[in-house]
file upload-v2.cif (mmCIF, C-alpha atoms)
data_coords
#
loop_
_atom_site.label_atom_id
_atom_site.label_comp_id
_atom_site.auth_asym_id
_atom_site.auth_seq_id
_atom_site.Cartn_x
_atom_site.Cartn_y
_atom_site.Cartn_z
CA MET C 1 -37.21 -39.27 -25.54
CA ASN C 2 -35.00 -36.26 -26.26
CA GLU C 3 -36.09 -33.03 -24.65
CA SER C 4 -35.92 -30.35 -27.33
CA LEU C 5 -35.24 -27.51 -24.89
CA SER C 6 -32.34 -29.28 -23.23
CA PHE C 7 -28.78 -28.12 -23.78
CA GLU C 8 -27.40 -31.54 -22.90
CA SER C 9 -25.69 -32.90 -25.96
CA GLY C 10 -25.70 -36.60 -25.15
CA LEU C 11 -22.28 -36.75 -26.81
CA THR C 12 -19.81 -39.35 -25.67
CA PRO C 13 -16.08 -39.56 -26.35
CA GLU C 14 -16.87 -42.15 -29.04
CA HIS C 15 -18.68 -39.51 -31.12
CA GLY C 16 -15.43 -37.79 -32.06
CA VAL C 17 -14.38 -34.21 -32.67
CA PHE C 18 -16.37 -33.72 -35.88
CA ARG C 19 -19.64 -34.64 -34.17
CA ARG C 20 -18.91 -32.34 -31.23
CA VAL C 21 -18.13 -29.42 -33.53
CA LEU C 22 -21.24 -30.19 -35.57
CA HIS C 23 -23.33 -30.23 -32.41
CA TYR C 24 -22.03 -26.88 -31.17
CA VAL C 25 -22.39 -25.24 -34.59
CA THR C 26 -25.98 -26.46 -34.88
CA GLN C 27 -26.72 -25.18 -31.39
CA GLY C 28 -25.28 -21.81 -32.39
CA PHE C 29 -27.46 -21.71 -35.50
CA ALA C 30 -30.56 -22.58 -33.44
CA LEU C 31 -29.75 -19.91 -30.85
CA ALA C 32 -29.25 -17.36 -33.63
CA GLY C 33 -32.61 -18.41 -35.10
CA GLY C 34 -34.20 -17.96 -31.69
CA LEU C 35 -32.69 -14.50 -31.39
CA VAL C 36 -34.09 -13.58 -34.81
CA LEU C 37 -37.54 -14.76 -33.70
CA LEU C 38 -37.32 -12.74 -30.47
CA LEU C 39 -36.42 -9.65 -32.49
CA LEU C 40 -39.33 -10.32 -34.83
CA ILE C 41 -41.72 -10.68 -31.90
CA ASN C 42 -40.56 -7.37 -30.46
CA MET C 43 -40.85 -5.67 -33.84
CA SER C 44 -44.35 -7.05 -34.29
CA LEU C 45 -45.37 -5.93 -30.81
CA ILE C 46 -44.04 -2.41 -31.41
CA SER C 47 -45.78 -2.29 -34.78
CA ILE C 48 -49.13 -3.40 -33.32
CA ILE C 49 -48.92 -0.92 -30.46
CA GLY C 50 -47.89 1.82 -32.87
CA ARG C 51 -50.75 0.96 -35.20
CA LYS C 52 -53.41 0.90 -32.47
CA LEU C 53 -52.28 3.79 -30.29
CA PHE C 54 -50.49 6.18 -32.61
CA ALA C 55 -51.64 5.13 -36.11
CA THR C 56 -47.98 4.66 -37.08
CA PRO C 57 -47.04 0.99 -37.58
CA ILE C 58 -43.59 -0.12 -38.58
CA ARG C 59 -43.46 0.12 -42.36
CA GLY C 60 -42.93 -3.28 -43.96
CA ASP C 61 -43.40 -5.24 -40.74
CA ILE C 62 -45.06 -8.17 -42.51
CA GLU C 63 -42.28 -8.24 -45.09
CA LEU C 64 -39.63 -8.28 -42.35
CA MET C 65 -41.59 -11.01 -40.54
CA GLU C 66 -41.63 -13.20 -43.67
CA ILE C 67 -37.93 -12.75 -44.35
CA GLY C 68 -36.87 -13.18 -40.72
CA ALA C 69 -39.06 -16.22 -40.10
CA SER C 70 -37.67 -18.02 -43.15
CA ILE C 71 -34.12 -17.43 -41.93
CA ALA C 72 -34.98 -18.55 -38.38
CA ILE C 73 -36.82 -21.68 -39.48
CA ALA C 74 -33.91 -22.73 -41.68
CA ALA C 75 -31.55 -22.17 -38.73
CA PHE C 76 -33.57 -24.54 -36.50
CA LEU C 77 -33.62 -27.47 -38.92
CA PRO C 78 -30.02 -28.74 -38.47
CA LEU C 79 -30.28 -29.12 -34.67
CA CYS C 80 -33.66 -30.79 -35.05
CA GLU C 81 -32.16 -33.29 -37.50
CA LEU C 82 -29.03 -33.90 -35.43
CA ARG C 83 -31.06 -34.61 -32.28
CA GLY C 84 -33.61 -36.69 -34.17
CA THR C 85 -36.51 -34.61 -32.88
CA HIS C 86 -38.45 -34.34 -36.12
CA ILE C 87 -42.09 -35.30 -35.89
CA LYS C 88 -42.25 -39.00 -36.55
CA VAL C 89 -45.30 -41.21 -36.86
CA ASP C 90 -44.24 -44.62 -35.64
CA ALA C 91 -47.63 -46.36 -35.63
CA PHE C 92 -46.50 -48.62 -38.48
CA THR C 93 -43.05 -49.35 -37.09
CA MET C 94 -43.96 -50.10 -33.46
CA LYS C 95 -44.14 -53.85 -34.07
CA MET C 96 -41.20 -54.04 -36.49
CA SER C 97 -37.79 -55.30 -35.53
CA ASP C 98 -35.03 -52.88 -34.60
CA ALA C 99 -33.14 -53.74 -37.80
CA VAL C 100 -36.12 -52.79 -39.99
CA VAL C 101 -36.71 -49.57 -38.05
CA ARG C 102 -33.01 -48.70 -38.33
CA THR C 103 -33.12 -49.35 -42.09
CA LEU C 104 -36.18 -47.13 -42.47
CA ASP C 105 -34.49 -44.42 -40.38
CA ILE C 106 -31.40 -44.58 -42.58
CA PHE C 107 -33.60 -44.22 -45.65
CA ALA C 108 -35.45 -41.25 -44.09
CA HIS C 109 -32.21 -39.47 -43.19
CA LEU C 110 -30.86 -40.18 -46.67
CA LEU C 111 -33.96 -38.50 -48.14
CA CYS C 112 -33.42 -35.55 -45.79
CA LEU C 113 -29.77 -35.36 -46.91
CA LEU C 114 -30.75 -35.35 -50.58
CA ALA C 115 -33.53 -32.79 -50.03
CA ALA C 116 -31.16 -30.50 -48.10
CA LEU C 117 -28.52 -30.69 -50.83
CA ILE C 118 -31.06 -30.00 -53.58
CA LEU C 119 -32.53 -27.09 -51.62
CA ALA C 120 -29.05 -25.66 -50.93
CA TRP C 121 -28.16 -25.94 -54.62
CA ARG C 122 -31.40 -24.40 -55.89
CA THR C 123 -31.40 -21.67 -53.22
CA SER C 124 -27.83 -20.79 -54.20
CA LEU C 125 -28.87 -20.51 -57.84
CA GLN C 126 -31.85 -18.35 -56.85
CA MET C 127 -29.52 -16.14 -54.80
CA LEU C 128 -27.21 -15.67 -57.79
CA ASP C 129 -30.18 -14.83 -60.03
CA ASN C 130 -31.47 -12.31 -57.52
CA MET C 131 -28.03 -10.70 -57.32
CA GLU C 132 -27.75 -10.54 -61.11
CA TYR C 133 -31.20 -9.08 -61.71
CA GLY C 134 -31.37 -6.90 -58.60
CA ASP C 135 -34.60 -8.38 -57.22
CA VAL C 136 -35.80 -6.58 -54.10
CA SER C 137 -38.70 -6.89 -51.68
CA THR C 138 -41.85 -4.92 -52.42
CA LEU C 139 -42.07 -2.32 -49.66
CA LEU C 140 -38.62 -2.00 -48.17
CA SER C 141 -36.56 -2.80 -51.27
CA ILE C 142 -34.43 -5.31 -49.38
CA PRO C 143 -32.22 -7.20 -51.87
CA LEU C 144 -33.66 -10.72 -51.91
CA TRP C 145 -30.26 -12.36 -52.25
CA ILE C 146 -29.43 -11.39 -48.64
CA PRO C 147 -31.97 -13.66 -46.90
CA LEU C 148 -31.19 -16.43 -49.37
CA MET C 149 -27.50 -16.08 -48.56
CA LEU C 150 -28.39 -16.56 -44.87
CA ILE C 151 -30.50 -19.66 -45.57
CA VAL C 152 -27.96 -21.60 -47.67
CA PRO C 153 -25.52 -22.32 -44.78
CA SER C 154 -28.40 -23.73 -42.72
CA LEU C 155 -29.32 -26.08 -45.56
CA ILE C 156 -25.72 -27.23 -45.95
CA LEU C 157 -25.52 -27.78 -42.20
CA LEU C 158 -28.78 -29.75 -42.38
CA ALA C 159 -27.19 -32.02 -45.00
CA LEU C 160 -24.14 -32.55 -42.75
CA CYS C 161 -26.41 -33.38 -39.81
CA SER C 162 -28.32 -35.90 -41.93
CA ALA C 163 -25.03 -37.52 -42.93
CA ALA C 164 -24.00 -37.66 -39.25
CA ARG C 165 -27.31 -39.34 -38.35
CA ILE C 166 -26.84 -41.88 -41.14
CA HIS C 167 -23.30 -42.56 -39.90
CA ASP C 168 -24.57 -43.03 -36.33
CA LEU C 169 -27.21 -45.51 -37.50
CA ILE C 170 -24.74 -47.52 -39.63
CA CYS C 171 -21.81 -47.32 -37.19
CA PRO C 172 -23.27 -46.57 -33.75
CA PRO C 173 -20.97 -44.89 -31.20
CA GLY C 174 -19.63 -47.49 -28.79
CA GLY C 175 -20.20 -50.30 -31.29
CA ARG C 176 -23.77 -51.16 -30.29
CA ALA C 177 -26.05 -51.83 -33.22
#
call {"tool": "encode", "arguments": {"input": "upload-v2.cif", "output": "structure tokens"}}
result
Amino acid sequence: MNESLSFESGLTPEHGVFRRVLHYVTQGFALAGGLVLLLLINMSLISIIGRKLFATPIRGDIELMEIGASIAIAAFLPLCELRGTHIKVDAFTMKMSDAVVRTLDIFAHLLCLLAALILAWRTSLQMLDNMEYGDVSTLLSIPLWIPLMLIVPSLILLALCSAARIHDLICPPGGRA
């Protein structure tokens, strides 16, 4: 079982340069997402203390929390996909052969790849619409294309990670199937 907090990559020389680069980029995205969440926690803490003690919360704290959390969550998805640490219910596949499980895994990663590409495409279109029409957030007037612009690379990276997982399942590193 992969430990999600581990920084060990499990990469071997057979994985190749592309997979190593993909791993380090996804780790960087996840670390950036973690930093965003730490900043959001601190902002929320300051806002709560300000609200309770001084009657002066941070204006738009909930809005910033929504925007920041969406960016952070999108940044975590590629590493989760690359490591194969998504939540998986294997009650039905426990008694199936390895070939059937591998086929189902390929299908699942293919669906993830397609979903990531569709989400990246539609999010890009939404970003362009928001830029064109000047849509902004309610309280702070943050242009909504900015968080969308930060989410699209995570979705594209998620698609690349799904493709890498499919490749690993079809052509396992070291030739073991």
call {"tool": "closest_atom_pairs", "arguments": {"input": "upload-v2.cif", "of": "range 21-67 of chain C", "to": "range 130-153 of chain C", "cutoff": "9 Å", "atoms": "only C-alpha atoms", "output": "CSV"}}
result
residue,atom,partner,partner_atom,distance
C:Arg59,CA,C:Leu139,CA,7.8
C:Gly60,CA,C:Leu139,CA,5.8
C:Glu63,CA,C:Leu139,CA,7.5
C:Leu64,CA,C:Leu140,CA,8.6
C:Ile67,CA,C:Pro147,CA,6.5
call {"tool": "closest_residue", "arguments": {"input": "upload-v2.cif", "among": "C:Thr103, C:Ile166, C:Cys171, C:His23", "to": "Cys80 in chain C", "atoms": "only C-alpha atoms"}}
result
C:His23
call {"tool": "atom_distance", "arguments": {"input": "upload-v2.cif", "atom1": "CA of Leu40 in chain C", "atom2": "CA of Ile62 in chain C"}}
result
9.8 Å
call {"tool": "atom_distance", "arguments": {"input": "upload-v2.cif", "atom1": "CA of Val36 in chain C", "atom2": "CA of Glu66 in chain C"}}
result
11.6 Å
call {"tool": "resolve_selection", "arguments": {"input": "upload-v2.cif", "expression": "the PyMOL selection byres ((chain C and resi 110) around 12)", "output": "list in words"}}
result
Glu81, Thr103, Leu104, Asp105, Ile106, Phe107, Ala108, His109, Leu111, Cys112, Leu113, Leu114, Ala115, Ala116, Leu117, Leu158, Ala159, Leu160, Cys161, Ser162, Ala163, Ala164, Arg165, Ile166, His167, Leu169 and Ile170 of chain C
call {"tool": "atom_distance", "arguments": {"input": "upload-v2.cif", "atom1": "CA of Asp90 in chain C", "atom2": "CA of Arg102 in chain C"}}
result
12.2 Å
call {"tool": "resolve_selection", "arguments": {"input": "upload-v2.cif", "expression": "the PyMOL selection byres ((chain C and resi 35) around 12)", "output": "ChimeraX atom specification"}}
result
/C:28-34,36-42,68-69,71-73,75-76
call {"tool": "closest_residue", "arguments": {"input": "upload-v2.cif", "among": "C:Arg122, C:Ser44, C:Arg19, C:Asp129", "to": "Pro57 in chain C", "atoms": "only C-alpha atoms"}}
result
C:Ser44
call {"tool": "closest_residue", "arguments": {"input": "upload-v2.cif", "among": "C:Ala74, C:Ala120, C:Val17, C:Ile58", "to": "Met43 in chain C", "atoms": "only C-alpha atoms"}}
result
C:Ile58
